[in-house]
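Raw contents of data.csv, CSV, C-alpha atoms:
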```
chain,number,residue,atom,x,y,z
J,254,MET,CA,0.0,0.0,0.0
J,255,VAL,CA,2.8,2.3,0.9
J,256,ASN,CA,4.6,1.4,-2.3
J,257,SER,CA,1.5,2.1,-4.3
J,258,LYS,CA,1.3,5.5,-2.7
J,259,LYS,CA,4.9,6.3,-3.5
J,260,ILE,CA,4.5,5.2,-7.1
J,261,LEU,CA,1.3,7.4,-7.4
J,262,VAL,CA,3.2,10.4,-5.9
J,263,ALA,CA,6.1,9.9,-8.4
J,264,VAL,CA,3.7,9.6,-11.4
J,265,LEU,CA,1.8,12.6,-10.3
J,266,GLY,CA,5.0,14.5,-9.7
J,267,CYS,CA,6.2,13.7,-13.2
J,268,TRP,CA,2.9,14.6,-14.7
J,269,LEU,CA,2.9,17.9,-12.9
J,270,VAL,CA,6.4,18.9,-14.0
J,271,GLY,CA,5.6,17.7,-17.5
J,272,SER,CA,8.5,16.7,-19.7
J,273,ALA,CA,11.1,17.0,-16.9
J,274,CYS,CA,10.5,13.3,-16.5
J,275,GLY,CA,10.7,12.6,-20.2
J,276,PRO,CA,13.8,11.4,-22.0
J,277,THR,CA,17.0,13.4,-21.6
J,278,PHE,CA,19.3,14.0,-24.5
J,279,LYS,CA,23.0,14.2,-24.1
J,280,MET,CA,25.5,15.5,-26.6
J,281,THR,CA,28.9,17.2,-26.5
J,282,THR,CA,28.4,20.9,-27.0
J,283,PRO,CA,29.8,21.7,-30.4
J,284,ASP,CA,32.4,24.4,-30.7
J,285,GLY,CA,30.8,27.8,-30.9
J,286,PHE,CA,27.5,26.7,-29.2
J,287,VAL,CA,26.3,27.3,-25.7
J,288,LYS,CA,23.6,25.1,-24.0
J,289,TYR,CA,20.5,26.3,-22.4
J,290,GLU,CA,20.7,24.9,-18.9
J,291,GLU,CA,17.3,26.1,-17.7
J,292,GLY,CA,14.1,24.6,-18.9
J,293,SER,CA,13.3,21.1,-20.0
J,294,ASP,CA,14.1,21.5,-23.7
J,295,PHE,CA,17.5,20.4,-25.1
J,296,LYS,CA,18.6,23.6,-26.8
J,297,MET,CA,21.8,25.2,-27.9
J,298,ILE,CA,22.7,28.4,-29.7
J,299,THR,CA,25.7,30.2,-31.2
J,300,ALA,CA,26.6,33.9,-30.7
J,301,ASP,CA,25.4,34.6,-34.3
J,302,GLY,CA,22.1,32.8,-33.9
J,303,VAL,CA,22.5,29.3,-35.3
J,304,ARG,CA,20.0,27.2,-33.2
J,305,LEU,CA,19.9,23.6,-32.2
J,306,LYS,CA,17.1,21.7,-30.6
J,307,ALA,CA,16.3,18.0,-29.9
J,308,ARG,CA,12.9,16.5,-29.7
J,309,GLN,CA,11.2,13.2,-30.1
J,310,VAL,CA,8.2,12.0,-32.0
J,311,GLU,CA,6.4,8.7,-32.2
J,312,ASN,CA,7.9,6.1,-34.5
J,313,TYR,CA,4.5,5.3,-36.1
J,314,PRO,CA,4.0,3.4,-38.3
J,315,ARG,CA,7.1,1.7,-37.0
J,316,ALA,CA,9.9,1.9,-39.5
J,317,ASP,CA,13.7,1.9,-39.7
J,318,ILE,CA,16.0,4.9,-40.3
J,319,ALA,CA,16.3,4.3,-44.1
J,320,PHE,CA,12.5,4.5,-44.4
J,321,TRP,CA,12.2,7.8,-42.4
J,322,LYS,CA,15.3,9.3,-44.0
J,323,ASP,CA,13.7,8.7,-47.4
J,324,ALA,CA,10.2,9.9,-46.3
J,325,LEU,CA,11.7,13.1,-44.8
J,326,ALA,CA,13.8,13.9,-47.9
J,327,ARG,CA,10.8,13.4,-50.2
J,328,HIS,CA,8.4,15.5,-48.1
J,329,MET,CA,10.8,18.4,-47.7
J,330,THR,CA,11.6,18.4,-51.4
J,331,GLU,CA,7.9,18.4,-52.2
J,332,ARG,CA,7.5,21.4,-49.9
J,333,GLY,CA,10.2,23.3,-51.9
J,334,TYR,CA,13.2,22.8,-49.7
J,335,ALA,CA,16.4,21.9,-51.6
J,336,LYS,CA,18.2,18.9,-50.3
J,337,LYS,CA,21.8,19.8,-50.0
J,338,SER,CA,23.4,16.8,-48.5
J,339,GLU,CA,22.9,13.5,-46.6
J,340,HIS,CA,25.2,11.8,-44.2
J,341,CYS,CA,24.5,8.6,-42.3
J,342,PHE,CA,26.7,7.6,-39.4
J,343,LYS,CA,26.9,5.6,-36.2
J,344,THR,CA,27.3,7.3,-32.8
J,345,GLN,CA,29.9,6.3,-30.3
J,346,LYS,CA,27.1,4.3,-28.5
J,347,GLY,CA,26.3,2.5,-31.7
J,348,LEU,CA,23.1,4.4,-32.5
J,349,ASP,CA,22.4,4.8,-36.2
J,350,GLY,CA,21.9,8.4,-37.3
J,351,CYS,CA,21.3,10.2,-40.5
J,352,THR,CA,21.8,13.9,-41.1
J,353,LEU,CA,20.0,15.7,-44.0
J,354,ASP,CA,20.7,19.3,-44.8
J,355,PHE,CA,17.9,21.3,-46.5
J,356,LEU,CA,18.2,24.7,-48.0
J,357,LEU,CA,15.5,27.3,-48.3
J,358,PRO,CA,15.3,31.0,-49.0
J,359,TYR,CA,14.3,32.8,-45.9
J,360,GLY,CA,14.1,36.6,-45.8
J,361,ALA,CA,17.0,37.9,-47.7
J,362,ASP,CA,19.2,34.9,-47.1
J,363,ASP,CA,19.5,31.2,-47.8
J,364,TRP,CA,18.9,29.2,-44.6
J,365,ILE,CA,19.9,25.7,-43.7
J,366,LEU,CA,17.5,23.4,-41.8
J,367,GLN,CA,19.5,20.4,-40.7
J,368,GLU,CA,17.6,17.3,-39.5
J,369,THR,CA,19.3,14.5,-37.8
J,370,ILE,CA,17.2,11.4,-37.2
J,371,PHE,CA,17.9,8.6,-34.6
J,372,ILE,CA,15.5,5.7,-34.2
J,373,GLU,CA,15.1,4.3,-30.7
J,374,GLY,CA,12.5,1.6,-30.8
J,375,ASP,CA,9.1,3.3,-30.7
J,376,ARG,CA,10.4,6.8,-30.9
J,377,ILE,CA,12.2,8.9,-33.4
J,378,VAL,CA,14.7,11.5,-32.0
J,379,LEU,CA,15.2,14.5,-34.1
J,380,VAL,CA,18.1,16.9,-33.6
J,381,GLU,CA,17.2,20.0,-35.6
J,382,VAL,CA,19.6,22.8,-36.4
J,383,ALA,CA,18.8,26.0,-38.3
J,384,GLY,CA,20.7,29.1,-39.4
J,385,PRO,CA,21.7,31.3,-42.3
J,386,PHE,CA,23.7,29.3,-44.8
J,387,GLN,CA,26.8,31.4,-44.6
J,388,LEU,CA,26.9,31.3,-40.8
J,389,PHE,CA,26.0,27.7,-40.6
J,390,GLN,CA,29.0,26.6,-42.7
J,391,ALA,CA,31.4,27.4,-39.9
J,392,TYR,CA,29.6,25.1,-37.5
J,393,ALA,CA,28.9,22.2,-39.9
J,394,LYS,CA,32.0,20.2,-38.9
J,395,PRO,CA,31.8,20.7,-35.1
J,396,LEU,CA,28.2,19.8,-35.3
J,397,GLN,CA,28.8,16.6,-37.1
J,398,GLU,CA,31.5,15.6,-34.6
J,399,ALA,CA,29.2,16.4,-31.7
J,400,LEU,CA,26.4,14.3,-33.1
J,401,LEU,CA,28.7,11.3,-32.8
J,402,SER,CA,28.4,11.7,-29.0
J,403,PHE,CA,24.6,11.9,-29.0
J,404,LYS,CA,22.7,9.6,-26.6
J,405,THR,CA,19.4,9.5,-24.8
J,406,SER,CA,18.5,8.2,-21.5
H,50,MET,CA,65.4,21.9,-71.8
H,51,LEU,CA,61.9,23.3,-71.2
H,52,ARG,CA,63.4,26.5,-69.9
H,53,ARG,CA,65.3,26.9,-73.1
H,54,ILE,CA,62.3,26.2,-75.2
H,55,LEU,CA,60.2,28.7,-73.3
H,56,PHE,CA,62.9,31.2,-73.3
H,57,SER,CA,63.4,30.9,-77.1
H,58,VAL,CA,59.6,31.0,-77.6
H,59,PHE,CA,59.3,34.2,-75.6
H,60,MET,CA,62.3,35.8,-77.2
H,61,VAL,CA,61.0,35.1,-80.7
H,62,PHE,CA,57.6,36.2,-79.7
H,63,LEU,CA,58.9,39.4,-78.2
H,64,GLY,CA,61.1,40.2,-81.1
H,65,ALA,CA,58.3,39.6,-83.5
H,66,THR,CA,55.6,41.5,-81.8
H,67,GLN,CA,57.5,44.3,-79.9
H,68,LEU,CA,55.1,43.8,-77.1
H,69,GLY,CA,57.5,45.2,-74.5
H,70,ALA,CA,57.3,43.6,-71.1
H,71,ALA,CA,57.9,39.8,-71.1
H,72,PRO,CA,55.0,37.6,-70.1
H,73,THR,CA,55.7,35.9,-66.9
H,74,VAL,CA,54.8,32.2,-66.8
H,75,LYS,CA,55.7,30.7,-63.4
H,76,GLN,CA,58.4,28.2,-63.9
H,77,GLU,CA,60.4,27.3,-60.8
H,78,ASN,CA,62.3,24.4,-62.2
H,79,GLU,CA,62.9,22.5,-65.4
H,80,LYS,CA,60.5,19.8,-64.5
H,81,GLU,CA,57.5,22.1,-64.1
H,82,ARG,CA,55.0,22.1,-66.9
H,83,VAL,CA,53.2,25.1,-68.2
H,84,CYS,CA,49.5,24.7,-67.5
H,85,ALA,CA,46.3,26.6,-68.2
H,86,PHE,CA,43.7,26.3,-65.5
H,87,SER,CA,40.0,26.8,-66.0
H,88,ALA,CA,36.8,26.1,-64.1
H,89,ARG,CA,33.1,26.5,-64.3
H,90,VAL,CA,31.0,27.0,-61.2
H,91,LEU,CA,27.2,26.9,-61.2
H,92,LEU,CA,26.1,28.9,-58.1
H,93,LYS,CA,22.7,29.0,-56.6
H,94,VAL,CA,22.1,32.4,-55.0
H,95,VAL,CA,19.2,34.5,-53.7
H,96,HIS,CA,20.6,37.7,-55.0
H,97,PRO,CA,22.8,37.2,-58.2
H,98,VAL,CA,23.7,40.9,-58.3
H,99,GLU,CA,25.0,41.0,-54.8
H,100,ALA,CA,26.9,37.8,-55.2
H,101,ARG,CA,28.5,39.1,-58.3
H,102,LYS,CA,29.6,42.3,-56.6
H,103,LYS,CA,31.1,40.4,-53.8
H,104,ILE,CA,33.0,38.1,-56.1
H,105,VAL,CA,34.3,41.0,-58.2
H,106,GLY,CA,35.4,42.7,-55.1
H,107,LEU,CA,37.3,39.6,-54.1
H,108,ILE,CA,39.1,39.1,-57.4
H,109,ASP,CA,40.3,42.7,-57.3
H,110,SER,CA,42.1,42.0,-54.1
H,111,LEU,CA,43.7,38.9,-55.7
H,112,GLY,CA,45.1,40.7,-58.7
H,113,GLY,CA,42.5,39.3,-61.0
H,114,PHE,CA,39.9,41.0,-63.2
H,115,PRO,CA,36.5,40.3,-64.7
H,116,SER,CA,36.4,39.7,-68.5
H,117,VAL,CA,32.6,39.2,-68.8
H,118,VAL,CA,30.0,40.5,-66.4
H,119,THR,CA,26.3,39.9,-66.9
H,120,ASP,CA,23.4,39.4,-64.5
H,121,GLN,CA,23.6,35.7,-65.0
H,122,LYS,CA,27.2,35.1,-65.7
H,123,LEU,CA,30.7,36.2,-64.6
H,124,ILE,CA,33.9,35.3,-66.3
H,125,ILE,CA,37.0,36.1,-64.2
H,126,ARG,CA,40.7,35.9,-64.7
H,127,VAL,CA,43.1,35.4,-61.8
H,128,PRO,CA,46.7,34.5,-61.4
H,129,PRO,CA,47.0,30.6,-61.4
H,130,GLU,CA,48.3,30.5,-57.8
H,131,LYS,CA,45.1,32.1,-56.6
H,132,PHE,CA,42.9,29.7,-58.5
H,133,PRO,CA,42.2,26.9,-56.0
H,134,GLY,CA,41.6,29.4,-53.1
H,135,LEU,CA,39.2,31.5,-55.2
H,136,ILE,CA,37.2,28.4,-56.2
H,137,ARG,CA,36.7,27.6,-52.5
H,138,ASP,CA,35.8,31.3,-51.7
H,139,ILE,CA,33.2,31.5,-54.4
H,140,GLY,CA,31.4,28.6,-52.7
H,141,GLN,CA,30.8,30.9,-49.7
H,142,TYR,CA,28.5,33.2,-51.7
H,143,GLY,CA,25.9,30.6,-52.5
H,144,VAL,CA,25.3,26.9,-53.0
H,145,VAL,CA,27.7,25.3,-55.5
H,146,VAL,CA,25.4,23.1,-57.7
H,147,GLU,CA,28.0,22.1,-60.2
H,148,LYS,CA,31.7,22.5,-60.4
H,149,THR,CA,34.1,21.5,-63.2
H,150,MET,CA,37.8,22.1,-63.1
H,151,GLN,CA,40.3,21.7,-65.9
H,152,ARG,CA,44.0,21.7,-66.2
H,153,GLU,CA,45.5,21.8,-69.7
H,154,ASP,CA,49.1,21.2,-70.2
H,155,ILE,CA,50.3,23.6,-72.9
H,156,THR,CA,54.0,23.0,-72.7
H,157,GLU,CA,54.1,21.2,-76.0
H,158,LYS,CA,51.8,23.6,-77.7
H,159,LEU,CA,54.0,26.5,-76.7
H,160,ALA,CA,57.1,24.8,-77.9
H,161,GLN,CA,55.4,23.9,-81.2
H,162,LEU,CA,54.1,27.5,-81.8
H,163,GLY,CA,57.5,28.9,-80.9
H,164,GLY,CA,59.2,26.6,-83.4
H,165,ARG,CA,56.7,27.5,-86.1
H,166,LEU,CA,57.2,31.2,-85.4
H,167,ARG,CA,60.9,30.9,-85.6
H,168,SER,CA,61.0,28.9,-88.9
H,169,LYS,CA,58.6,31.4,-90.5
H,170,GLN,CA,60.7,34.3,-89.4
H,171,ASP,CA,63.8,32.6,-90.8
H,172,ILE,CA,62.1,32.1,-94.2
H,173,LEU,CA,60.9,35.7,-94.1
H,174,GLU,CA,64.5,36.9,-93.5
H,175,LYS,CA,65.7,34.8,-96.4
H,176,LEU,CA,63.1,36.1,-98.7
H,177,ARG,CA,64.1,39.6,-97.8
H,178,SER,CA,67.7,38.9,-98.8
H,179,PHE,CA,66.5,37.8,-102.2
H,180,PHE,CA,65.3,41.3,-103.1
H,181,ASP,CA,68.8,42.6,-103.8
H,182,ASP,CA,69.5,40.3,-106.7
H,183,SER,CA,66.0,39.8,-108.2
H,184,ASN,CA,64.4,41.3,-111.2
H,185,VAL,CA,60.9,42.9,-111.3
H,186,LYS,CA,59.0,39.6,-111.9
H,187,ALA,CA,60.9,37.8,-109.2
H,188,THR,CA,60.4,40.7,-106.8
H,189,LEU,CA,56.7,40.6,-107.3
H,190,GLN,CA,56.7,36.9,-106.6
H,191,ILE,CA,58.8,37.3,-103.5
H,192,GLU,CA,56.4,40.0,-102.3
H,193,LYS,CA,53.5,37.8,-102.8
H,194,ASN,CA,55.2,35.0,-100.8
H,195,MET,CA,56.2,37.4,-98.1
H,196,THR,CA,52.6,38.7,-97.8
H,197,GLN,CA,51.4,35.2,-97.4
H,198,LEU,CA,54.1,34.5,-94.9
H,199,VAL,CA,53.3,37.6,-92.8
H,200,ILE,CA,49.7,36.5,-92.6
H,201,GLU,CA,50.8,33.1,-91.4
H,202,LEU,CA,53.2,34.7,-88.9
H,203,GLU,CA,50.5,36.9,-87.5
H,204,LYS,CA,48.2,33.9,-87.1
H,205,VAL,CA,50.9,32.0,-85.2
H,206,LYS,CA,51.7,35.0,-83.0
H,207,GLY,CA,48.0,35.3,-82.2
H,208,GLN,CA,47.9,31.6,-81.1
H,209,LEU,CA,51.0,32.0,-79.1
H,210,ARG,CA,49.7,35.2,-77.4
H,211,LEU,CA,46.5,33.3,-76.6
H,212,ALA,CA,48.4,30.3,-75.1
H,213,ILE,CA,50.6,32.5,-73.0
H,214,ASP,CA,47.6,34.5,-71.8
H,215,LYS,CA,45.9,31.2,-70.8
H,216,ALA,CA,48.9,30.3,-68.7
H,217,ARG,CA,49.3,33.7,-67.1
H,218,PHE,CA,45.7,33.9,-65.9
H,219,ALA,CA,43.3,31.1,-64.9
H,220,THR,CA,39.8,31.5,-66.1
H,221,ILE,CA,36.7,30.9,-63.9
H,222,GLU,CA,33.2,31.1,-65.3
H,223,VAL,CA,30.6,31.6,-62.6
H,224,ALA,CA,27.0,31.1,-63.7
H,225,PHE,CA,24.3,32.2,-61.3
H,226,ARG,CA,21.1,30.3,-60.8
H,227,PHE,CA,18.5,32.4,-59.1
H,228,ARG,CA,16.8,30.8,-56.1
H,229,ARG,CA,13.2,32.1,-56.1
H,230,ARG,CA,11.9,33.1,-52.7
H,231,ASP,CA,8.6,32.4,-51.0
H,232,ARG,CA,8.2,29.1,-52.8
H,233,ILE,CA,7.8,26.9,-49.7
H,234,VAL,CA,4.4,25.4,-49.9
H,235,TYR,CA,2.4,23.4,-47.4
H,236,VAL,CA,2.2,19.7,-48.4
H,237,ASN,CA,0.3,17.4,-46.0
H,238,SER,CA,2.2,14.2,-45.3
H,239,PRO,CA,0.5,11.0,-44.2
H,240,PHE,CA,3.2,10.7,-41.6
H,241,GLN,CA,2.2,13.2,-38.9
H,242,TRP,CA,5.5,14.1,-37.5
H,243,LEU,CA,6.9,15.0,-40.9
H,244,ASN,CA,4.3,17.9,-41.0
H,245,SER,CA,6.0,19.3,-37.9
H,246,VAL,CA,9.4,19.6,-39.7
H,247,ASP,CA,9.5,23.2,-40.8
H,248,LEU,CA,11.8,26.2,-40.3
H,249,ASP,CA,9.1,28.6,-39.3
H,250,ARG,CA,7.8,26.2,-36.6
H,251,PHE,CA,11.3,25.5,-35.5
H,252,LEU,CA,12.1,29.2,-35.0
H,253,ALA,CA,8.8,29.9,-33.4
H,254,GLU,CA,9.1,27.1,-30.9
H,255,PHE,CA,12.8,27.6,-30.1
```
Can the structure from this file be put into structure tokens for me?
Amino acid sequence: MVNSKKILVAVLGCWLVGSACGPTFKMTTPDGFVKYEEGSDFKMITADGVRLKARQVENYPRADIAFWKDALARHMTERGYAKKSEHCFKTQKGLDGCTLDFLLPYGADDWILQETIFIEGDRIVLVEVAGPFQLFQAYAKPLQEALLSFKTS
Amino acid sequence: MLRRILFSVFMVFLGATQLGAAPTVKQENEKERVCAFSARVLLKVVHPVEARKKIVGLIDSLGGFPSVVTDQKLIIRVPPEKFPGLIRDIGQYGVVVEKTMQREDITEKLAQLGGRLRSKQDILEKLRSFFDDSNVKATLQIEKNMTQLVIELEKVKGQLRLAIDKARFATIEVAFRFRRRDRIVYVNSPFQWLNSVDLDRFLAEF
């Protein structure tokens, strides 16, 4: 009975603080980025405004990384984004990941929207990075290196 | 050996054309070949005019110059040693959609043109010497031959000038492809999470 109460309190607590009890993402902070320590979101930003955020979505219908990488590329291309590059890799923890860079005109500049997909069972983890193309280039390599250290818990 | 060939080519060329300053083709040792570098870059940009201005500004600082400037195209000439760096720098002003680079070895061509020029000049000199001892009919014939020879000489000089110019300055053609703005459209995907992948949403929720 006491255990049931404890569990109930824990569940309620988690529910009250929302995503604080959700999955946590870990990744080496790429050169030039700083991490937002406050709040529940996994977010980073550079001095010139290149932004990074991780989130997760449901892996439904359940499919592998090749399927979702293909679906994402097709969808974004249909929307008018230009696919610039694609790079698949394995993290240091052995997690398969694919990074796709999309270009789009935004305001007076070209912007990059970079989507990195990781599949973890019934969820898809997305690491999204966006910034003006010319600024983004300076961070492309540190980002790719940092993504190798990505893990969830 | 190559140095000698080039030296003689240049000397003959200079003597024939009275151009003044000798063309300087980089040649550090005898093994080095004389090459002409060229490249074509197709660049996707939002503002071709601004990209063009930036590139022209850049080549000024590198000792190069534009030879053709239009809204859609830019042909630039730069010293060969600046060529690889400039190709990289051009990529910063847009998205390189296509890039082709070419290196043409013109060592042999220069040697051949130099040889042809020299032989034709020798013949011309000989024909000149025949004037003194020739009658009217022969003089007319010599003049006719000399006229033809001068035409051929000018043609070879032109080819040689062109080849040397190609070696002195690398050529880069930059073609701009305009990226239209505001063409992102909403397309509903059967996969719900894909509909949430969007730059506007990302920036708004950050």
* Nearby residues (only C-alpha atoms) at most 12 Å from Gln387 (chain J), same-chain spacing under 5 positions excluded, as an MDAnalysis selection string -> (chainID J and resid 301:303 356 362:365 392:393) or (chainID H and resid 94 138:144)
For those residues, write C-alpha atoms to a file as a PDB file, keeping the file's coordinate frame.
```pdb
ATOM      1  CA  ASP J 301      25.400  34.600 -34.300  1.00  0.00           C
ATOM      2  CA  GLY J 302      22.100  32.800 -33.900  1.00  0.00           C
ATOM      3  CA  VAL J 303      22.500  29.300 -35.300  1.00  0.00           C
ATOM      4  CA  LEU J 356      18.200  24.700 -48.000  1.00  0.00           C
ATOM      5  CA  ASP J 362      19.200  34.900 -47.100  1.00  0.00           C
ATOM      6  CA  ASP J 363      19.500  31.200 -47.800  1.00  0.00           C
ATOM      7  CA  TRP J 364      18.900  29.200 -44.600  1.00  0.00           C
ATOM      8  CA  ILE J 365      19.900  25.700 -43.700  1.00  0.00           C
ATOM      9  CA  TYR J 392      29.600  25.100 -37.500  1.00  0.00           C
ATOM     10  CA  ALA J 393      28.900  22.200 -39.900  1.00  0.00           C
TER      11      ALA J 393
ATOM     12  CA  VAL H  94      22.100  32.400 -55.000  1.00  0.00           C
ATOM     13  CA  ASP H 138      35.800  31.300 -51.700  1.00  0.00           C
ATOM     14  CA  ILE H 139      33.200  31.500 -54.400  1.00  0.00           C
ATOM     15  CA  GLY H 140      31.400  28.600 -52.700  1.00  0.00           C
ATOM     16  CA  GLN H 141      30.800  30.900 -49.700  1.00  0.00           C
ATOM     17  CA  TYR H 142      28.500  33.200 -51.700  1.00  0.00           C
ATOM     18  CA  GLY H 143      25.900  30.600 -52.500  1.00  0.00           C
ATOM     19  CA  VAL H 144      25.300  26.900 -53.000  1.00  0.00           C
TER      20      VAL H 144
END
```
* Using all atoms listed in the file, which chain J residues lie at most 7 Å away from chain H, written as a list of chain:residue names? ->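 Result: J:Val310, J:Leu325, J:His328, J:Glu331, J:Arg332, J:Gly333, J:Tyr334, J:Pro358, J:Asp362, J:Asp363, J:Leu366, J:Gln387.
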* Residue contacts of region 217-223 of chain H (8 Å, all atoms listed in the file) excluding same-chain residues fewer than 6 positions away, as a ChimeraX atom specification -> /H:72-75,85-92,113,122-129,132
Dump as a PDB file, keeping the file's coordinate frame, selection limited to C-alpha atoms:
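Contents of result-v8.pdb, freshly written:
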```pdb
ATOM      1  CA  PRO H  72      55.000  37.600 -70.100  1.00  0.00           C
ATOM      2  CA  THR H  73      55.700  35.900 -66.900  1.00  0.00           C
ATOM      3  CA  VAL H  74      54.800  32.200 -66.800  1.00  0.00           C
ATOM      4  CA  LYS H  75      55.700  30.700 -63.400  1.00  0.00           C
ATOM      5  CA  ALA H  85      46.300  26.600 -68.200  1.00  0.00           C
ATOM      6  CA  PHE H  86      43.700  26.300 -65.500  1.00  0.00           C
ATOM      7  CA  SER H  87      40.000  26.800 -66.000  1.00  0.00           C
ATOM      8  CA  ALA H  88      36.800  26.100 -64.100  1.00  0.00           C
ATOM      9  CA  ARG H  89      33.100  26.500 -64.300  1.00  0.00           C
ATOM     10  CA  VAL H  90      31.000  27.000 -61.200  1.00  0.00           C
ATOM     11  CA  LEU H  91      27.200  26.900 -61.200  1.00  0.00           C
ATOM     12  CA  LEU H  92      26.100  28.900 -58.100  1.00  0.00           C
ATOM     13  CA  GLY H 113      42.500  39.300 -61.000  1.00  0.00           C
ATOM     14  CA  LYS H 122      27.200  35.100 -65.700  1.00  0.00           C
ATOM     15  CA  LEU H 123      30.700  36.200 -64.600  1.00  0.00           C
ATOM     16  CA  ILE H 124      33.900  35.300 -66.300  1.00  0.00           C
ATOM     17  CA  ILE H 125      37.000  36.100 -64.200  1.00  0.00           C
ATOM     18  CA  ARG H 126      40.700  35.900 -64.700  1.00  0.00           C
ATOM     19  CA  VAL H 127      43.100  35.400 -61.800  1.00  0.00           C
ATOM     20  CA  PRO H 128      46.700  34.500 -61.400  1.00  0.00           C
ATOM     21  CA  PRO H 129      47.000  30.600 -61.400  1.00  0.00           C
ATOM     22  CA  PHE H 132      42.900  29.700 -58.500  1.00  0.00           C
TER      23      PHE H 132
END
```
* Structure fact -> Computed gap from CA of Glu81 (chain H) to CA of Arg165 (chain H) is 22.7 Å
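Of note, CA of Ala216 (chain H) and CA of Ser116 (chain H) are spaced 15.6 Å apart.
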* To do: With a distance cut-off of 10 Å and all atoms listed in the file, select the neighbouring residues of Gly347 (chain J), excluding the residue or stretch itself and same-chain residues fewer than 2 positions from it, and output the selection as a PyMOL selection string.
  => chain J and resi 342-345+349-350+401-404
* To do: Within 12 Å of region 174-179 of chain H, counting only C-alpha atoms, which residues show up once you throw out same-chain ones fewer than 2 positions away? Write them as a ChimeraX atom specification, please.
  => /H:167-172,181-185,187-199
* **Between CA of Lys279 (chain J) and CA of Met297 (chain J), distance in Å (one decimal)** => 11.7 Å
* To do: With a distance cut-off of 8 Å and all atoms listed in the file, select the neighbouring residues of Ile377 (chain J), excluding the residue or stretch itself and same-chain residues fewer than 6 positions from it, and output the selection as a list of chain:residue names.
  =>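 Once the adjacent positions are removed, what remains is J:Gln309, J:Val310, J:Glu311, J:Asn312, J:Ile370, J:Phe371.
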Just to be explicit: take each residue in the selection above, keep C-alpha atoms, and write the result as a PDB file, in the frame of the given file.
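What ended up in again-v5.pdb:
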```
ATOM      1  CA  GLN J 309      11.200  13.200 -30.100  1.00  0.00           C
ATOM      2  CA  VAL J 310       8.200  12.000 -32.000  1.00  0.00           C
ATOM      3  CA  GLU J 311       6.400   8.700 -32.200  1.00  0.00           C
ATOM      4  CA  ASN J 312       7.900   6.100 -34.500  1.00  0.00           C
ATOM      5  CA  ILE J 370      17.200  11.400 -37.200  1.00  0.00           C
ATOM      6  CA  PHE J 371      17.900   8.600 -34.600  1.00  0.00           C
TER       7      PHE J 371
END
```
First collect every listed atom of region 382-394 of chain J; then fit an axis-aligned box around them, widen it by 8 Å on each side, and give centre and edge lengths in Å to one decimal, as lines of an AutoDock Vina configuration file.
```
center_x = 25.4
center_y = 25.8
center_z = -40.6
size_x = 29.2
size_y = 27.2
size_z = 24.4
```
* Shortest interatomic distance to Glu153 (chain H) - which of H:Phe225, H:Ala212, H:Leu202, H:Leu135, counting all atoms listed in the file ->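 Among the listed residues, H:Ala212 lies closest to Glu153 (chain H).
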* Looking at J:Arg315, J:Lys322, J:Lys288, J:Lys336, which one is nearest to Thr369 (chain J), with distances taken over all atoms listed in the file? ->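 Comparing J:Arg315, J:Lys322, J:Lys288, J:Lys336 against Thr369 (chain J), the winner is J:Lys322.
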* Could you tell me which of J:Val287, J:Ala361, J:Ala307, J:Cys351 comes closest to Val378 (chain J) if we count all atoms listed in the file? =>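 Closest to Val378 (chain J), using all atoms listed in the file: J:Ala307.
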* **Selected residue, from H:Ile136, H:Val83, H:Leu209, H:Leu162, that lies nearest to Ile108 (chain H) when counting all atoms listed in the file** =>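 Result for the nearest residue to Ile108 (chain H): H:Ile136.
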